[in-house]
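To keep things clear, I will list the structure first and then write my remarks on it.
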Amino acid sequence: MTRTITRFTHAGVSNAEISVHPFATEDGLGLNLTRFLRTEGDDVVLLVHGLTSASDVYIMPEHRNLASHLLDNGFGDVWAVDFRMSGRFPYDAETHRYTLDDIALYDFPATLKELRKHIGDRRVHVIAHCLGAVSFSMSLFAGAVDGITSLTCNSVSLTPRVPAFSKLKLSFGTWFLEYVVGLPFLDPRFGEAPFLTRPWMLSRLVSLFHNECKAPACHMQSFQWGAGKPAMYEHANLLPETHARVADICSASGLHYYRHVRKMVSAGHSVKYAPDDPRYASLPNNYLKNAADVRTPLLLLAPDRNRVFTDSNVHLHKILEKAAPGRHELAVLPGYGHLDPLIGKNSYIDVFPRIVDFLKRHSA
């Protein structure tokens, strides 16, 4: 791939003081918070990425990104966390057995502890995507984190629902890839692997079923996530520069997280992966058990062309509306898929104002 945009760059955010704050989890992983400070106010925004992506989805330089949009619309203190799912770390290209419970129990409490060192008791609004939204919601609803003024979840939260073909992949794909093919993770860059290696052959096989574009990395993304051509986004919503570097935006993903997602899909809601493991005794078996007691209002963004988590947030809103009528909000996003609400060329027109409006209404 001919690189035209620097990978792992902060160039997409201007007129802000940028600082990086490393911290550690109790189970021994090093994570990072990045601060984009223009002015300190009463409200702080924390951005949470999803599996395979990183803080980069919020600070991309080729289009107007969410971090800049927030800074320009009254939220002058924006933070982005890179937790253990981040493509900026090697963790997902390693053989591991992390689950979303690990993230809920270890990553986000440590994130908030580090954040509070710098901002004190100011209001914190969280915007989260994909499995970052699932795991942060788990942490919040389990009581592992508190003091959150509002939470915005894109695509999915506590009730993951997937297309039929994705259910098939979740049931057999992880076992087949790990124990038959011998690959402990998937990477959109497999198409760039040496000729006739297993990663290269898998990428070529996947591309045989995708004629919607000529980018093998885009095809692999559809294989990793969802069911569609493409699955992750609507091509028409992306700039050509963004489509050309999708492997920068969403990179390698470990397979074990998919096993936890499969268990949640089967249960119909977020559940603990290993209910008998004493390490997770403080977490609930059913994360929706105490939904009525969670005072933090949620904005559930529901792209209507979501071929990764389908109508997950529409379904969750119905459940939360019964538990706490009027507390939480649903925003359907016409013409958008799973990821393009954050990285689309017109997201600053179609999506970001809805988020800003929600934050401002919960800032008073």
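Note on naming: chains are A, B, ... as they come in the structure tokens, residues start from 1 per chain, ligands start from 1 in the order shown.
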Residues at most 8 Å from Ser312 of chain A, counting only C-alpha atoms, excluding those fewer than 6 positions away in the same chain, as JSON, numbers by chain?
-> {"A": [155, 156, 157, 159, 160, 161, 162, 302]}
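Minimum distance to Arg198 of chain A across A:Glu178, A:Glu212, A:Asp121, A:Asp293 (counting only C-alpha atoms) occurs at A:Glu178.
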Those of segment 99-174 of chain A in DSSP strand (DSSP E), formatted as a list in words | Arg123, Val124, His125, Val126, Ile127, Ala128, His129, Ile148, Thr149, Ser150, Leu151, Thr152, Cys153 and Asn154 of chain A
What does the file look like for those residues with N, CA, C and O atoms, as a compact mmCIF listing (two decimals), in the first residue's frame?
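Here's the written file result-v7.txt:
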```txt
# COMPACT_ATOMS: atom_id res chain seq x y z
N ARG A 123 -17.41 16.79 35.32
CA ARG A 123 -18.31 15.86 34.65
C ARG A 123 -17.58 15.12 33.52
O ARG A 123 -16.83 15.73 32.76
N VAL A 124 -17.84 13.82 33.41
CA VAL A 124 -17.23 12.99 32.37
C VAL A 124 -18.32 12.40 31.49
O VAL A 124 -19.23 11.72 31.97
N HIS A 125 -18.23 12.69 30.21
CA HIS A 125 -19.11 12.10 29.21
C HIS A 125 -18.29 11.09 28.39
O HIS A 125 -17.17 11.40 27.98
N VAL A 126 -18.84 9.92 28.14
CA VAL A 126 -18.12 8.88 27.41
C VAL A 126 -18.82 8.62 26.09
O VAL A 126 -20.06 8.52 26.03
N ILE A 127 -18.03 8.54 25.02
CA ILE A 127 -18.53 8.16 23.70
C ILE A 127 -17.77 6.90 23.30
O ILE A 127 -16.54 6.90 23.25
N ALA A 128 -18.48 5.82 23.05
CA ALA A 128 -17.84 4.52 22.83
C ALA A 128 -18.40 3.84 21.59
O ALA A 128 -19.57 4.03 21.23
N HIS A 129 -17.55 3.00 20.99
CA HIS A 129 -17.91 2.33 19.74
C HIS A 129 -17.71 0.82 19.86
O HIS A 129 -16.79 0.36 20.54
N ILE A 148 -20.16 8.75 35.86
CA ILE A 148 -20.24 9.03 34.42
C ILE A 148 -21.51 9.84 34.16
O ILE A 148 -22.62 9.39 34.47
N THR A 149 -21.36 11.02 33.59
CA THR A 149 -22.50 11.92 33.37
C THR A 149 -23.38 11.44 32.23
O THR A 149 -24.61 11.52 32.30
N SER A 150 -22.77 10.95 31.14
CA SER A 150 -23.55 10.41 30.02
C SER A 150 -22.69 9.42 29.26
O SER A 150 -21.46 9.48 29.30
N LEU A 151 -23.36 8.50 28.57
CA LEU A 151 -22.67 7.50 27.77
C LEU A 151 -23.35 7.39 26.41
O LEU A 151 -24.56 7.17 26.33
N THR A 152 -22.57 7.59 25.35
CA THR A 152 -23.05 7.41 23.99
C THR A 152 -22.43 6.15 23.41
O THR A 152 -21.21 5.99 23.45
N CYS A 153 -23.28 5.26 22.89
CA CYS A 153 -22.80 3.99 22.34
C CYS A 153 -23.17 3.90 20.86
O CYS A 153 -24.35 3.96 20.52
N ASN A 154 -22.16 3.74 20.02
CA ASN A 154 -22.42 3.56 18.60
C ASN A 154 -22.51 2.08 18.24
O ASN A 154 -21.64 1.31 18.60
```
For Ser135 of chain A, work out the shell of residues within 12 Å, counting only C-alpha atoms and skipping chain neighbours fewer than 5 positions away, then give it as an MDAnalysis selection string.
-> chainID A and resid 48:51 83:85 99:109 128:130 140:142 144:145 153 156:160 257 260:261 264 270:272 283 287
Pick from A:Met220, A:Ala274, A:Met138, A:Leu37: nearest to Val294 of chain A, with only C-alpha atoms counted?
-> A:Met138
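Computed from the coordinates, the atom CA of Trp175 of chain A to atom CA of His256 of chain A distance equals 9.6 Å.
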Taking 4 positions as the minimum chain separation for residues in the same chain, which residues sit within 12 Å of Ala291 of chain A when counting only C-alpha atoms? Answer as a compact mmCIF listing (two decimals) with C-alpha atoms, in the first residue's frame.
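New file part15.txt:
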```txt
# COMPACT_ATOMS: atom_id res chain seq x y z
CA SER A 137 -21.44 -0.45 29.30
CA MET A 138 -20.64 -3.68 31.14
CA LEU A 140 -20.83 0.88 34.10
CA PHE A 141 -23.77 -1.45 34.68
CA ALA A 142 -21.62 -3.67 36.92
CA GLY A 143 -20.68 -0.68 39.08
CA LEU A 158 -25.47 -4.59 26.14
CA HIS A 269 -27.60 -9.83 26.38
CA SER A 270 -24.19 -9.25 27.94
CA PRO A 284 -22.67 -9.83 37.52
CA ASN A 286 -26.21 -10.80 33.73
CA TYR A 287 -25.09 -7.21 33.13
CA ARG A 295 -28.65 6.65 36.58
CA THR A 296 -26.29 7.51 33.71
CA PRO A 297 -28.34 8.37 30.60
CA LEU A 298 -27.41 6.52 27.41
CA LEU A 316 -31.66 -2.52 23.89
CA HIS A 317 -33.56 0.75 23.96
CA ILE A 319 -35.43 -3.08 27.23
CA LEU A 320 -34.06 0.02 28.95
CA GLU A 321 -37.27 1.92 28.33
CA LYS A 322 -39.13 -0.68 30.38
CA ALA A 323 -36.51 -0.61 33.13
CA ALA A 324 -36.18 3.18 33.33
CA PRO A 325 -38.80 4.97 31.18
CA ARG A 327 -33.98 7.97 30.87
CA HIS A 328 -32.23 6.75 27.73
```
With only C-alpha atoms as the basis for distance, which of A:Asp72, A:Asp77, A:Glu62, A:Asp340 is at the shortest distance from Glu17 of chain A?
-> A:Asp77
In segment 143-311 of chain A, what's helix (DSSP H, G or I) per DSSP? Answer as a PyMOL selection string?
-> chain A and resi 164-181+188-192+198-207+216-224+235-237+240-244+246-249+256-267+278-280+291-293
Within 9 Å of Asn65 of chain A, counting only C-alpha atoms, which residues qualify if same-chain residues fewer than 2 places away don't, as a PyMOL selection string?
-> chain A and resi 12-13+57-63+67-70+342-345+347-348+352
Which residues, written as a PDB file with C-alpha atoms, in the first residue's frame, have at least one atom at most 10 Å from Ala227 of chain A, with only C-alpha atoms counted and residues fewer than 3 positions away on the same chain left out?
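Output contents, as saved in around33.pdb:
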```
ATOM      1  CA  VAL A 162     -25.690 -10.241  14.629  1.00  0.00           C
ATOM      2  CA  PRO A 163     -26.690 -11.467  11.145  1.00  0.00           C
ATOM      3  CA  ALA A 164     -27.304 -15.190  10.586  1.00  0.00           C
ATOM      4  CA  PHE A 165     -24.009 -15.674   8.736  1.00  0.00           C
ATOM      5  CA  SER A 166     -22.156 -14.027  11.613  1.00  0.00           C
ATOM      6  CA  LYS A 167     -23.726 -16.518  14.014  1.00  0.00           C
ATOM      7  CA  LYS A 169     -18.841 -17.706  11.901  1.00  0.00           C
ATOM      8  CA  SER A 222     -15.911  -7.900   6.162  1.00  0.00           C
ATOM      9  CA  PHE A 223     -14.675 -11.397   7.010  1.00  0.00           C
ATOM     10  CA  GLN A 224     -13.642 -10.286  10.502  1.00  0.00           C
ATOM     11  CA  PRO A 230     -18.864  -4.606   2.644  1.00  0.00           C
ATOM     12  CA  ALA A 231     -19.913  -5.343   6.225  1.00  0.00           C
ATOM     13  CA  MET A 232     -18.232  -2.582   8.207  1.00  0.00           C
ATOM     14  CA  ASN A 306     -25.637  -2.051  10.407  1.00  0.00           C
ATOM     15  CA  ARG A 307     -24.427  -5.391   9.026  1.00  0.00           C
ATOM     16  CA  VAL A 308     -22.262  -6.119  12.056  1.00  0.00           C
ATOM     17  CA  PHE A 309     -24.619  -5.715  15.030  1.00  0.00           C
ATOM     18  CA  THR A 310     -27.921  -5.237  13.138  1.00  0.00           C
TER      19      THR A 310
END
```
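Of the listed residues A:Gly268, A:Gly76, A:Gly228, A:Gly173, the one whose atoms come nearest to Ala16 of chain A is A:Gly76, with distances taken using only C-alpha atoms.
Summary of the local environment: counting only C-alpha atoms, residues at most 10 Å from Ser86 of chain A, other than itself and those fewer than 6 positions away along its chain, are Leu31, Asn32, Val48, His49, Gly50, Leu51, Thr52, Ser53, Ala54, Ser55, Asp56, Asp92, Gly132, Cys250, Ser251, Ala252 and Ser253 of chain A.
Going from atom CA of Ala110 of chain A to atom CA of Lys263 of chain A covers 25.8 Å.
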